[in-house]
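Here is protein12.tsv, consisting of TSV, C-alpha atoms and all ligand atoms:
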chain	number	residue	atom	x	y	z
W	1005	MET	CA	-28.56	16.97	-13.38
W	1006	GLY	CA	-27.22	17.01	-16.92
W	1007	LYS	CA	-27.36	14.15	-19.35
W	1008	ILE	CA	-24.23	12.68	-20.91
W	1009	THR	CA	-23.94	10.95	-24.23
W	1010	ALA	CA	-20.87	8.82	-24.91
W	1011	THR	CA	-19.93	5.88	-27.10
W	1012	ILE	CA	-18.87	2.61	-25.55
W	1013	ASN	CA	-17.65	-0.11	-27.92
W	1014	GLY	CA	-19.63	1.57	-30.68
W	1015	THR	CA	-22.89	1.76	-28.72
W	1016	GLU	CA	-24.28	5.06	-27.56
W	1017	ALA	CA	-24.95	5.38	-23.84
W	1018	HIS	CA	-27.15	8.10	-22.34
W	1019	VAL	CA	-26.56	8.53	-18.63
W	1020	ASP	CA	-26.72	11.13	-15.88
W	1021	GLU	CA	-23.78	13.37	-15.18
W	1022	GLY	CA	-21.52	11.89	-12.53
W	1023	THR	CA	-22.01	8.30	-13.69
W	1024	THR	CA	-18.76	6.35	-13.86
W	1025	ILE	CA	-17.64	4.72	-17.10
W	1026	LEU	CA	-18.17	1.33	-15.44
W	1027	GLU	CA	-21.79	2.11	-14.52
W	1028	ALA	CA	-22.48	3.63	-17.91
W	1029	ALA	CA	-21.14	0.53	-19.66
W	1030	ARG	CA	-23.50	-1.63	-17.60
W	1031	THR	CA	-26.50	0.38	-18.79
W	1032	VAL	CA	-25.74	-0.77	-22.34
W	1033	GLY	CA	-25.01	-4.33	-21.30
W	1034	ILE	CA	-21.21	-4.13	-21.38
W	1035	GLU	CA	-19.43	-5.73	-18.43
W	1036	ILE	CA	-15.98	-4.53	-17.42
W	1037	PRO	CA	-14.11	-6.80	-15.02
W	1038	THR	CA	-13.35	-5.32	-11.59
W	1039	LEU	CA	-11.63	-6.44	-8.43
W	1040	CYS	CA	-11.36	-3.65	-5.89
W	1041	HIS	CA	-14.67	-2.08	-6.83
W	1042	SER	CA	-17.99	-2.56	-5.11
W	1043	PRO	CA	-21.13	-0.54	-5.78
W	1044	ASP	CA	-21.53	-0.09	-1.99
W	1045	LEU	CA	-18.10	1.46	-1.42
W	1046	ILE	CA	-16.48	4.72	-2.43
W	1047	PRO	CA	-14.22	3.85	-5.40
W	1048	THR	CA	-10.52	3.80	-4.54
W	1049	GLY	CA	-9.10	2.77	-7.91
W	1050	ASN	CA	-6.47	0.47	-6.46
W	1051	CYS	CA	-6.28	-2.64	-8.58
W	1052	ARG	CA	-6.38	-1.25	-12.15
W	1053	VAL	CA	-8.20	-4.33	-13.42
W	1054	CYS	CA	-11.04	-2.17	-14.76
W	1055	VAL	CA	-8.96	0.03	-17.08
W	1056	VAL	CA	-10.44	1.08	-20.43
W	1057	GLU	CA	-9.26	3.13	-23.38
W	1058	VAL	CA	-10.71	6.59	-23.87
W	1059	GLU	CA	-9.86	8.00	-27.28
W	1060	GLY	CA	-7.63	11.06	-26.96
W	1061	THR	CA	-6.24	10.29	-23.51
W	1062	ARG	CA	-2.62	9.32	-23.13
W	1063	THR	CA	-3.11	6.59	-20.57
W	1064	LEU	CA	-5.75	3.99	-19.91
W	1065	VAL	CA	-8.23	5.12	-17.27
W	1066	GLY	CA	-9.80	3.26	-14.37
W	1067	SER	CA	-13.46	2.89	-15.31
W	1068	CYS	CA	-14.71	2.33	-11.74
W	1069	HIS	CA	-13.69	5.80	-10.59
W	1070	THR	CA	-13.68	7.93	-13.76
W	1071	PRO	CA	-16.87	9.90	-14.40
W	1072	ILE	CA	-18.02	9.63	-17.98
W	1073	ALA	CA	-18.00	12.86	-20.03
W	1074	ASN	CA	-19.92	14.05	-23.03
W	1075	GLY	CA	-18.58	12.77	-26.34
W	1076	MET	CA	-16.17	10.25	-24.84
W	1077	VAL	CA	-15.35	7.38	-27.16
W	1078	ILE	CA	-14.56	4.39	-24.98
W	1079	HIS	CA	-13.20	0.95	-25.79
W	1080	THR	CA	-13.41	-1.71	-23.13
W	1081	ARG	CA	-11.90	-4.59	-25.08
W	1082	SER	CA	-9.29	-3.04	-27.37
W	1083	PRO	CA	-5.95	-4.87	-27.72
W	1084	ARG	CA	-4.29	-2.23	-25.52
W	1085	VAL	CA	-6.87	-2.72	-22.78
W	1086	LEU	CA	-6.70	-6.50	-22.92
W	1087	THR	CA	-2.89	-6.52	-22.75
W	1088	ALA	CA	-2.84	-4.20	-19.75
W	1089	ARG	CA	-5.66	-6.02	-17.97
W	1090	LYS	CA	-4.01	-9.38	-18.43
W	1091	ALA	CA	-0.65	-8.11	-17.17
W	1092	THR	CA	-2.33	-6.50	-14.16
W	1093	VAL	CA	-4.05	-9.71	-13.18
W	1094	GLU	CA	-0.86	-11.69	-13.75
W	1095	LEU	CA	1.03	-9.30	-11.47
W	1096	LEU	CA	-1.67	-9.55	-8.82
W	1097	MET	CA	-1.52	-13.33	-9.06
W	1098	ALA	CA	2.28	-13.26	-8.75
W	1099	GLY	CA	1.97	-11.56	-5.36
W	1100	HIS	CA	-0.85	-13.83	-4.22
W	1101	THR	CA	-0.58	-17.13	-2.45
W	1102	GLY	CA	-3.50	-19.22	-1.39
W	1103	GLU	CA	-5.15	-22.47	-2.09
W	1104	CYS	CA	-6.53	-21.16	-5.38
W	1105	VAL	CA	-2.99	-21.10	-6.76
W	1106	THR	CA	-2.56	-24.84	-6.48
W	1107	ASP	CA	-6.18	-25.96	-6.52
W	1108	GLU	CA	-7.75	-24.69	-9.70
W	1109	HIS	CA	-11.18	-25.87	-8.63
W	1110	THR	CA	-11.37	-23.39	-5.80
W	1111	SER	CA	-14.27	-21.13	-6.57
W	1112	GLU	CA	-13.93	-18.77	-3.63
W	1113	CYS	CA	-11.22	-16.54	-5.05
W	1114	ASP	CA	-12.32	-13.70	-7.32
W	1115	LEU	CA	-8.77	-13.11	-8.45
W	1116	ARG	CA	-8.44	-16.72	-9.53
W	1117	LYS	CA	-11.70	-16.38	-11.46
W	1118	LEU	CA	-10.39	-13.27	-13.21
W	1119	ALA	CA	-7.14	-15.03	-14.07
W	1120	ASP	CA	-9.09	-17.95	-15.52
W	1121	GLU	CA	-11.30	-15.65	-17.59
W	1122	LEU	CA	-8.32	-13.82	-19.04
W	1123	GLU	CA	-6.42	-17.05	-19.62
W	1124	GLY	CA	-3.15	-15.81	-18.24
W	1125	GLY	CA	-1.33	-19.04	-19.06
W	1126	ALA	CA	1.93	-19.97	-17.40
W	1127	PRO	CA	3.17	-17.39	-14.86
W	1128	ARG	CA	5.40	-14.76	-16.42
W	1129	PHE	CA	6.25	-12.86	-13.24
W	1130	LEU	CA	7.95	-14.56	-10.36
W	1131	MET	CA	8.40	-13.03	-6.95
W	1132	ARG	CA	11.89	-13.17	-5.60
W	1133	LYS	CA	10.58	-13.33	-2.07
W	1134	PRO	CA	6.96	-14.37	-1.64
W	1135	ARG	CA	4.91	-12.26	0.73
W	1136	TRP	CA	4.35	-14.54	3.66
W	1137	TYR	CA	2.63	-13.87	6.97
W	1138	PRO	CA	1.48	-16.22	9.71
W	1139	ILE	CA	-2.27	-16.79	9.84
W	1140	GLU	CA	-4.01	-14.62	12.44
W	1141	ALA	CA	-6.97	-16.10	14.23
W	1142	PHE	CA	-7.18	-14.21	17.48
W	1143	ASN	CA	-10.91	-13.66	17.65
W	1144	PRO	CA	-13.99	-15.70	16.85
W	1145	TYR	CA	-15.14	-13.38	14.05
W	1146	VAL	CA	-12.40	-12.91	11.49
W	1147	ARG	CA	-9.48	-15.07	10.49
W	1148	ARG	CA	-6.78	-13.20	8.58
W	1149	ASP	CA	-4.32	-14.85	6.23
W	1150	MET	CA	-2.40	-11.89	4.90
W	1151	SER	CA	-0.28	-14.01	2.55
W	1152	GLN	CA	-3.38	-14.25	0.39
W	1153	CYS	CA	-4.13	-10.53	0.50
W	1154	VAL	CA	-3.76	-8.57	-2.74
W	1155	LEU	CA	-4.06	-5.15	-1.07
W	1156	CYS	CA	-7.29	-4.20	-2.79
W	1157	ARG	CA	-8.32	-2.29	0.36
W	1158	LYS	CA	-11.95	-3.31	0.22
W	1159	CYS	CA	-11.85	-4.47	3.84
W	1160	ILE	CA	-10.56	-1.06	4.91
W	1161	SER	CA	-13.39	0.73	3.09
W	1162	ALA	CA	-16.06	-1.74	4.21
W	1163	CYS	CA	-15.03	-1.45	7.85
W	1164	ARG	CA	-14.94	2.33	7.64
W	1165	GLU	CA	-17.95	3.04	5.46
W	1166	ILE	CA	-20.36	0.23	6.27
W	1167	ALA	CA	-19.44	-1.10	9.72
W	1168	LYS	CA	-18.42	2.45	10.77
W	1169	LYS	CA	-15.57	1.01	12.81
W	1170	ASN	CA	-12.43	2.02	10.93
W	1171	VAL	CA	-10.33	-0.81	12.32
W	1172	TYR	CA	-7.98	-1.36	9.40
W	1173	GLY	CA	-5.23	0.71	7.87
W	1174	ILE	CA	-2.46	0.04	5.41
W	1175	ALA	CA	1.14	0.26	6.59
W	1176	TYR	CA	4.67	-0.02	5.23
W	1177	ARG	CA	5.55	0.41	1.61
W	1178	GLY	CA	6.00	-1.37	-1.70
W	1179	PHE	CA	6.28	-5.13	-1.37
W	1180	ALA	CA	6.14	-4.80	2.41
W	1181	ALA	CA	2.74	-3.06	2.34
W	1182	LYS	CA	0.21	-4.80	4.56
W	1183	VAL	CA	-3.31	-4.29	5.87
W	1184	ILE	CA	-2.86	-3.73	9.57
W	1185	VAL	CA	-4.79	-3.10	12.78
W	1186	ASP	CA	-3.55	-0.34	15.07
W	1187	PHE	CA	0.24	-0.73	15.41
W	1188	ASP	CA	0.18	-3.89	13.31
W	1189	ASP	CA	-1.43	-5.61	16.29
W	1190	PRO	CA	-3.53	-8.78	16.34
W	1191	LEU	CA	-7.22	-8.29	15.60
W	1192	THR	CA	-8.65	-9.07	19.00
W	1193	THR	CA	-12.20	-9.02	20.33
W	1194	GLU	CA	-11.45	-5.71	21.98
W	1195	ILE	CA	-10.88	-4.00	18.64
W	1196	CYS	CA	-13.23	-5.95	16.39
W	1197	ARG	CA	-16.96	-6.30	16.71
W	1198	ASP	CA	-18.61	-9.44	15.42
W	1199	CYS	CA	-20.00	-7.96	12.22
W	1200	GLY	CA	-17.75	-9.84	9.79
W	1201	ILE	CA	-18.60	-7.31	7.09
W	1202	CYS	CA	-15.01	-7.19	5.81
W	1203	ILE	CA	-15.14	-10.92	5.06
W	1204	ASP	CA	-18.00	-10.44	2.62
W	1205	TYR	CA	-16.03	-7.87	0.67
W	1206	CYS	CA	-12.64	-9.61	0.53
W	1207	PRO	CA	-12.17	-10.93	-3.01
W	1208	THR	CA	-9.58	-13.52	-1.93
W	1209	GLY	CA	-9.39	-16.00	0.92
W	1210	ALA	CA	-7.40	-13.53	3.02
W	1211	LEU	CA	-10.37	-12.88	5.32
W	1212	SER	CA	-12.63	-15.71	6.35
W	1213	LYS	CA	-14.86	-16.90	9.15
W	1214	PRO	CA	-12.83	-19.00	11.56
W	1215	THR	CA	-14.00	-22.62	11.56
W	1216	LYS	CA	-15.05	-23.64	15.04
W	1217	LYS	CA	-13.00	-26.45	16.51
W	1218	SER	CA	-16.07	-28.70	16.66
W	1219	GLU	CA	-16.71	-28.21	12.95
W	1220	VAL	CA	-13.27	-29.33	11.87
W	1221	LYS	CA	-13.43	-32.81	10.46
N	1423	MET	CA	-2.76	33.02	-1.14
N	1424	ASN	CA	-1.34	31.92	2.15
N	1425	THR	CA	0.76	28.89	1.37
N	1426	ILE	CA	3.11	28.87	4.32
N	1427	GLN	CA	1.45	27.45	7.38
N	1428	THR	CA	2.39	28.75	10.76
N	1429	GLN	CA	3.08	26.65	13.85
N	1430	ASP	CA	-0.41	27.53	15.05
N	1431	SER	CA	-2.07	25.35	12.50
N	1432	LEU	CA	-0.46	22.33	14.18
N	1433	THR	CA	-3.16	22.54	16.78
N	1434	GLY	CA	-5.85	22.32	14.15
N	1435	ARG	CA	-8.05	19.27	13.88
N	1436	GLU	CA	-7.81	18.88	10.12
N	1437	ARG	CA	-6.66	15.64	8.61
N	1438	GLU	CA	-4.12	17.42	6.45
N	1439	ASN	CA	-2.21	18.32	9.61
N	1440	LEU	CA	-1.25	14.69	10.12
N	1441	LEU	CA	2.03	14.69	8.25
N	1442	ARG	CA	3.11	17.99	9.77
N	1443	LYS	CA	2.46	16.65	13.26
N	1444	LEU	CA	4.43	13.50	12.55
N	1445	LYS	CA	7.35	15.46	11.10
N	1446	GLN	CA	7.33	17.71	14.13
N	1447	ALA	CA	7.48	14.72	16.47
N	1448	GLN	CA	10.28	13.17	14.44
N	1449	HIS	CA	12.18	16.44	14.62
N	1450	ASP	CA	11.60	16.99	18.35
N	1451	PHE	CA	12.07	13.45	19.67
N	1452	GLY	CA	14.03	11.67	16.94
N	1453	TYR	CA	11.18	9.24	16.38
N	1454	VAL	CA	7.40	8.98	16.50
N	1455	SER	CA	6.39	7.06	19.61
N	1456	LYS	CA	3.26	4.98	20.05
N	1457	ASP	CA	1.95	7.53	22.53
N	1458	MET	CA	2.50	10.28	20.00
N	1459	MET	CA	0.69	8.31	17.29
N	1460	THR	CA	-2.21	7.51	19.59
N	1461	GLU	CA	-2.54	11.11	20.67
N	1462	THR	CA	-2.34	12.32	17.06
N	1463	ALA	CA	-4.97	9.83	15.97
N	1464	GLN	CA	-7.30	11.00	18.72
N	1465	SER	CA	-6.78	14.68	18.12
N	1466	LEU	CA	-7.39	14.38	14.37
N	1467	GLY	CA	-10.18	11.82	14.65
N	1468	LEU	CA	-8.29	9.16	12.70
N	1469	SER	CA	-7.73	5.50	13.46
N	1470	ILE	CA	-4.43	4.47	15.00
N	1471	GLY	CA	-3.90	2.14	12.05
N	1472	GLU	CA	-4.07	5.03	9.65
N	1473	VAL	CA	-1.55	7.10	11.59
N	1474	TYR	CA	0.78	4.12	11.97
N	1475	GLY	CA	0.35	3.42	8.26
N	1476	ILE	CA	1.39	6.91	7.22
N	1477	THR	CA	4.30	6.91	9.66
N	1478	THR	CA	5.70	3.62	8.38
N	1479	PHE	CA	5.22	4.66	4.75
N	1480	TYR	CA	7.76	7.48	4.90
N	1481	SER	CA	11.47	6.65	5.09
N	1482	PHE	CA	12.22	9.78	7.08
N	1483	LEU	CA	9.74	9.03	9.83
N	1484	SER	CA	10.69	6.35	12.30
N	1485	VAL	CA	8.55	4.44	14.79
N	1486	ARG	CA	11.53	3.51	16.94
N	1487	PRO	CA	14.34	5.60	18.42
N	1488	LEU	CA	17.32	6.02	16.09
N	1489	GLY	CA	21.06	6.24	16.77
N	1490	LYS	CA	23.20	9.36	16.82
N	1491	PHE	CA	24.21	8.87	13.17
N	1492	VAL	CA	21.44	7.73	10.85
N	1493	ILE	CA	22.85	6.20	7.69
N	1494	ARG	CA	20.37	6.07	4.84
N	1495	ILE	CA	21.18	4.32	1.60
N	1496	CYS	CA	19.04	4.73	-1.46
N	1497	LYS	CA	17.53	1.53	-2.80
N	1498	SER	CA	15.99	3.07	-5.93
N	1499	ILE	CA	16.97	2.05	-9.45
N	1500	PRO	CA	19.75	4.58	-10.29
N	1501	CYS	CA	21.73	3.68	-7.17
N	1502	TYR	CA	20.92	0.01	-7.65
N	1503	MET	CA	22.43	0.17	-11.13
N	1504	GLN	CA	25.56	1.72	-9.68
N	1505	ASN	CA	26.06	-1.20	-7.35
N	1506	ALA	CA	24.17	0.02	-4.28
N	1507	GLU	CA	23.79	-3.59	-3.15
N	1508	MET	CA	27.55	-3.84	-2.66
N	1509	ILE	CA	27.54	-0.51	-0.80
N	1510	ILE	CA	24.75	-1.71	1.47
N	1511	ALA	CA	26.69	-4.90	2.24
N	1512	CYS	CA	29.81	-2.85	2.84
N	1513	VAL	CA	28.15	-0.51	5.38
N	1514	ALA	CA	26.54	-3.50	7.10
N	1515	ASP	CA	29.96	-5.07	7.37
N	1516	GLU	CA	31.61	-1.94	8.72
N	1517	ILE	CA	29.13	-1.27	11.51
N	1518	GLY	CA	27.99	-4.84	12.07
N	1519	ILE	CA	24.22	-4.31	11.69
N	1520	LYS	CA	21.68	-4.94	8.95
N	1521	PRO	CA	19.35	-2.31	7.44
N	1522	GLY	CA	16.54	-1.53	9.86
N	1523	GLU	CA	18.78	-1.93	12.94
N	1524	THR	CA	20.61	0.31	15.42
N	1525	THR	CA	23.96	-0.53	16.97
N	1526	GLY	CA	23.92	-1.57	20.63
N	1527	ASP	CA	25.81	1.55	21.66
N	1528	GLY	CA	23.23	3.76	19.93
N	1529	LYS	CA	25.83	5.27	17.63
N	1530	PHE	CA	24.56	4.15	14.23
N	1531	SER	CA	21.18	3.40	12.70
N	1532	PHE	CA	21.09	1.88	9.27
N	1533	GLU	CA	18.09	2.46	7.01
N	1534	LEU	CA	17.25	1.89	3.37
N	1535	THR	CA	15.34	4.70	1.75
N	1536	ASN	CA	13.80	5.62	-1.56
N	1537	CYS	CA	15.42	8.13	-3.91
N	1538	ILE	CA	17.30	10.88	-2.09
N	1539	GLY	CA	17.73	12.99	-5.22
N	1540	ALA	CA	21.42	12.20	-5.56
N	1541	CYS	CA	21.16	10.00	-8.66
N	1542	ASP	CA	23.90	12.01	-10.39
N	1543	ILE	CA	26.38	10.89	-7.75
N	1544	ALA	CA	25.04	7.35	-7.31
N	1545	PRO	CA	25.59	5.21	-5.36
N	1546	ALA	CA	24.81	7.65	-2.59
N	1547	MET	CA	24.06	7.70	1.11
N	1548	LEU	CA	22.94	10.18	3.72
N	1549	ILE	CA	24.35	10.42	7.18
N	1550	ASN	CA	21.87	12.51	9.10
N	1551	HIS	CA	21.45	15.36	6.62
N	1552	GLN	CA	24.83	15.15	4.87
N	1553	VAL	CA	24.96	13.55	1.39
N	1554	TYR	CA	27.88	11.36	0.31
N	1555	GLY	CA	28.14	10.22	-3.31
N	1556	GLN	CA	30.15	8.03	-5.67
N	1557	LEU	CA	30.70	5.66	-2.81
N	1558	THR	CA	33.35	2.97	-2.80
N	1559	PRO	CA	34.20	0.56	0.03
N	1560	GLY	CA	37.33	2.60	0.81
N	1561	LYS	CA	35.39	5.84	0.97
N	1562	ILE	CA	32.76	4.31	3.23
N	1563	ALA	CA	35.31	3.10	5.75
N	1564	GLU	CA	36.83	6.56	5.84
N	1565	ILE	CA	33.50	8.39	6.18
N	1566	LEU	CA	32.32	6.09	8.96
N	1567	ARG	CA	35.58	6.49	10.84
N	1568	GLY	CA	34.97	10.23	10.74
N	1569	CYS	CA	31.66	9.85	12.62
N	1570	GLU	CA	32.42	10.81	16.18
W	1601	LIG	S1	-7.67	-8.62	3.17
W	1601	LIG	FE1	-8.98	-9.02	1.38
W	1601	LIG	S2	-10.29	-7.18	1.24
W	1601	LIG	FE2	-8.57	-6.64	2.57
W	1601	LIG	S3	-7.06	-5.71	1.19
W	1601	LIG	FE3	-6.55	-7.90	1.37
W	1601	LIG	S4	-7.56	-8.89	-0.37
W	1601	LIG	FE4	-8.51	-6.85	-0.12
W	1602	LIG	S1	-11.90	-2.12	-10.03
W	1602	LIG	FE1	-11.35	-0.18	-10.80
W	1602	LIG	S2	-9.36	0.09	-10.03
W	1602	LIG	FE2	-9.98	-1.78	-9.10
Whole structure given in structure tokens:
Amino acid sequence: MGKITATINGTEAHVDEGTTILEAARTVGIEIPTLCHSPDLIPTGNCRVCVVEVEGTRTLVGSCHTPIANGMVIHTRSPRVLTARKATVELLMAGHTGECVTDEHTSECDLRKLADELEGGAPRFLMRKPRWYPIEAFNPYVRRDMSQCVLCRKCISACREIAKKNVYGIAYRGFAAKVIVDFDDPLTTEICRDCGICIDYCPTGALSKPTKKSEVK
Amino acid sequence: MNTIQTQDSLTGRERENLLRKLKQAQHDFGYVSKDMMTETAQSLGLSIGEVYGITTFYSFLSVRPLGKFVIRICKSIPCYMQNAEMIIACVADEIGIKPGETTGDGKFSFELTNCIGACDIAPAMLINHQVYGQLTPGKIAEILRGCE
């Protein structure tokens, strides 16, 4: 395997061929924020939070899924990157409802954490119609609150690649897009095993373990 | 290079046959039924969710039976800027159903779609495969009356 040398924020990184920009940056101690990425899952490049500037390319590139190439000069915190990243997170927040929106002390939501780090300030983008879905709690393993979902697709990948069940899909289009099961059916015990793996990967509160009746205060 | 696929390849197991199978079903039956989606998922080794997802993504695939005349109005920006909203309201008024519905007598289905490539004559609509452009309320009434 060949070796690659590239410059990230002025520091030279030497990595193996096939390494992504995100991974290469980590080897020199540079963190790039991510949302839909997980080292355990095949990158899908959905959320665009991880974009960086590569000198000579027209557009910003997703660092989690772009392999680094020899001689690349990469900036992870240039003004262009920061503007795009902030707008992306603001847009994701605009389509997101959940307790983190009103309760700023909620620590469970990765998107909220990202928004706090980037100091988005007052919302700039308002949804004409919020995405709203009733909460689904049809089995003892996974409770789904799709109003909170930001369509990062991690649950789809985790179910397919780690649990090897392939229960989820994504249906409809644009604002109506939704993570679904079969024909947009409830997630019942017949379809879902008790692994709960998708819950661990969901960055928001959209997937959670149902609280047992006896545990409710 | 062989770029045109023959009917035969529809029996293949490859994932890339999915859209062709769905289009074929739409063409043959007027919609893609649950049975069809289930069968397709099984034959291609995909999850039902994935097949349903692809089917609902495309405006020209339908998961429910459609009427004899399928009216499709473009909801993309060029038509929107030429007052497509008014045209949508006007069609809804004329046939008494909202987008996404079919009249009780099965005559009309009303759908919103993405760009139909008729931006130059926006606002535009399709009735089955016929394009109508530069729509006005008067024109719509006339066109719909002609649907027999
Ligand atoms: S449910 Fe969670 S993991 Fe799945 S797409 Fe939505 S936010 Fe992502
Ligand atoms: S983390 Fe790279 S696109 Fe989402």
Taking all atoms listed in the file into account and nothing else, which residues of chain W lie no more than 12 Å away from chain N? Please answer as a compact mmCIF listing (two decimals) with C-alpha atoms, in the coordinates of the input.
# COMPACT_ATOMS: atom_id res chain seq x y z
CA ILE W 1160 -10.56 -1.06 4.91
CA CYS W 1163 -15.03 -1.45 7.85
CA ARG W 1164 -14.94 2.33 7.64
CA LYS W 1168 -18.42 2.45 10.77
CA LYS W 1169 -15.57 1.01 12.81
CA ASN W 1170 -12.43 2.02 10.93
CA VAL W 1171 -10.33 -0.81 12.32
CA TYR W 1172 -7.98 -1.36 9.40
CA GLY W 1173 -5.23 0.71 7.87
CA ILE W 1174 -2.46 0.04 5.41
CA ALA W 1175 1.14 0.26 6.59
CA TYR W 1176 4.67 -0.02 5.23
CA ARG W 1177 5.55 0.41 1.61
CA GLY W 1178 6.00 -1.37 -1.70
CA PHE W 1179 6.28 -5.13 -1.37
CA ALA W 1180 6.14 -4.80 2.41
CA ALA W 1181 2.74 -3.06 2.34
CA LYS W 1182 0.21 -4.80 4.56
CA VAL W 1183 -3.31 -4.29 5.87
CA ILE W 1184 -2.86 -3.73 9.57
CA VAL W 1185 -4.79 -3.10 12.78
CA ASP W 1186 -3.55 -0.34 15.07
CA PHE W 1187 0.24 -0.73 15.41
CA ASP W 1188 0.18 -3.89 13.31
CA ASP W 1189 -1.43 -5.61 16.29
CA PRO W 1190 -3.53 -8.78 16.34
CA LEU W 1191 -7.22 -8.29 15.60
CA ILE W 1195 -10.88 -4.00 18.64
Practice problem: Output the neighbourhood of ligand LIG 1601 (chain W) as a PyMOL selection string, that is, all protein and nucleic acid residues with some atom at most 12 Å from the ligand, counting all atoms listed in the file. | Solution: chain W and resi 1039-1042+1045+1048+1050-1051+1096-1097+1099-1102+1113-1115+1139-1140+1146-1163+1171-1175+1181-1185+1200-1212
Exercise. To one decimal in Å, tell me the separation between CA of Pro1500 (chain N) and CA of Lys1445 (chain N).
Key: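 Spanning CA of Pro1500 (chain N) to CA of Lys1445 (chain N) is a straight-line distance of 27.0 Å.
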Exercise. Would you please work out which residue, of N:Leu1441, N:Cys1496, N:Ile1517, N:Ala1463, is nearest to Ala1563 (chain N) when using all atoms listed in the file?
Key: N:Ile1517
Practice problem: List every protein, DNA or RNA residue that has an atom no more than 12 Å from (15.7, 10.9, -10.6) in the file's coordinate frame, counting only C-alpha atoms, and report them as a list in words. | Solution: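 In the file's frame, the residues around the point are Cys1496, Ser1498, Ile1499, Pro1500, Cys1501, Asn1536, Cys1537, Ile1538, Gly1539, Ala1540, Cys1541, Asp1542, Ile1543 and Ala1544 of chain N.
The smallest atom-to-atom distance between Pro1043 (chain W) and any of W:Glu1194, W:Asn1013, W:Cys1068, W:Pro1083, using only C-alpha atoms, is found for W:Cys1068.
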Exercise. Could you jot down the CA of Leu1566 (chain N) to CA of Leu1534 (chain N) separation for me, Å, one decimal place?
Key: 16.6 Å
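When CA of Met1508 (chain N) is paired with CA of Met1131 (chain W), their separation reads 21.7 Å.
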Using the incomplete input, complete region 1147-1161 of chain W to the level of N, CA and C atoms; output as a short mmCIF file (atom, residue, chain, number, x, y, z; two decimals), in the coordinates of the input.
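Contents of rebuild25.cif, as written:
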data_model
loop_
_atom_site.label_atom_id
_atom_site.label_comp_id
_atom_site.auth_asym_id
_atom_site.auth_seq_id
_atom_site.Cartn_x
_atom_site.Cartn_y
_atom_site.Cartn_z
N ARG W 1147 -10.78 -14.43 10.60
CA ARG W 1147 -9.48 -15.07 10.49
C ARG W 1147 -8.75 -14.38 9.36
N ARG W 1148 -7.53 -13.93 9.62
CA ARG W 1148 -6.78 -13.20 8.58
C ARG W 1148 -5.57 -13.99 8.11
N ASP W 1149 -5.48 -14.19 6.82
CA ASP W 1149 -4.32 -14.85 6.23
C ASP W 1149 -3.73 -13.87 5.22
N MET W 1150 -2.87 -13.01 5.71
CA MET W 1150 -2.40 -11.89 4.90
C MET W 1150 -1.50 -12.30 3.74
N SER W 1151 -1.05 -13.55 3.72
CA SER W 1151 -0.28 -14.01 2.55
C SER W 1151 -1.16 -14.02 1.31
N GLN W 1152 -2.46 -14.18 1.52
CA GLN W 1152 -3.38 -14.25 0.39
C GLN W 1152 -3.86 -12.87 -0.07
N CYS W 1153 -3.59 -11.87 0.75
CA CYS W 1153 -4.13 -10.53 0.50
C CYS W 1153 -3.48 -9.89 -0.73
N VAL W 1154 -4.31 -9.26 -1.57
CA VAL W 1154 -3.76 -8.57 -2.74
C VAL W 1154 -3.86 -7.04 -2.60
N LEU W 1155 -4.08 -6.58 -1.37
CA LEU W 1155 -4.06 -5.15 -1.07
C LEU W 1155 -5.08 -4.33 -1.85
N CYS W 1156 -6.26 -4.92 -2.05
CA CYS W 1156 -7.29 -4.20 -2.79
C CYS W 1156 -7.95 -3.13 -1.93
N ARG W 1157 -7.82 -3.25 -0.62
CA ARG W 1157 -8.32 -2.29 0.36
C ARG W 1157 -9.84 -2.28 0.55
N LYS W 1158 -10.50 -3.28 0.02
CA LYS W 1158 -11.95 -3.31 0.22
C LYS W 1158 -12.32 -3.46 1.69
N CYS W 1159 -11.52 -4.26 2.42
CA CYS W 1159 -11.85 -4.47 3.84
C CYS W 1159 -11.74 -3.15 4.61
N ILE W 1160 -10.75 -2.34 4.22
CA ILE W 1160 -10.56 -1.06 4.91
C ILE W 1160 -11.79 -0.18 4.68
N SER W 1161 -12.22 -0.10 3.42
CA SER W 1161 -13.39 0.73 3.09
C SER W 1161 -14.65 0.17 3.73
#
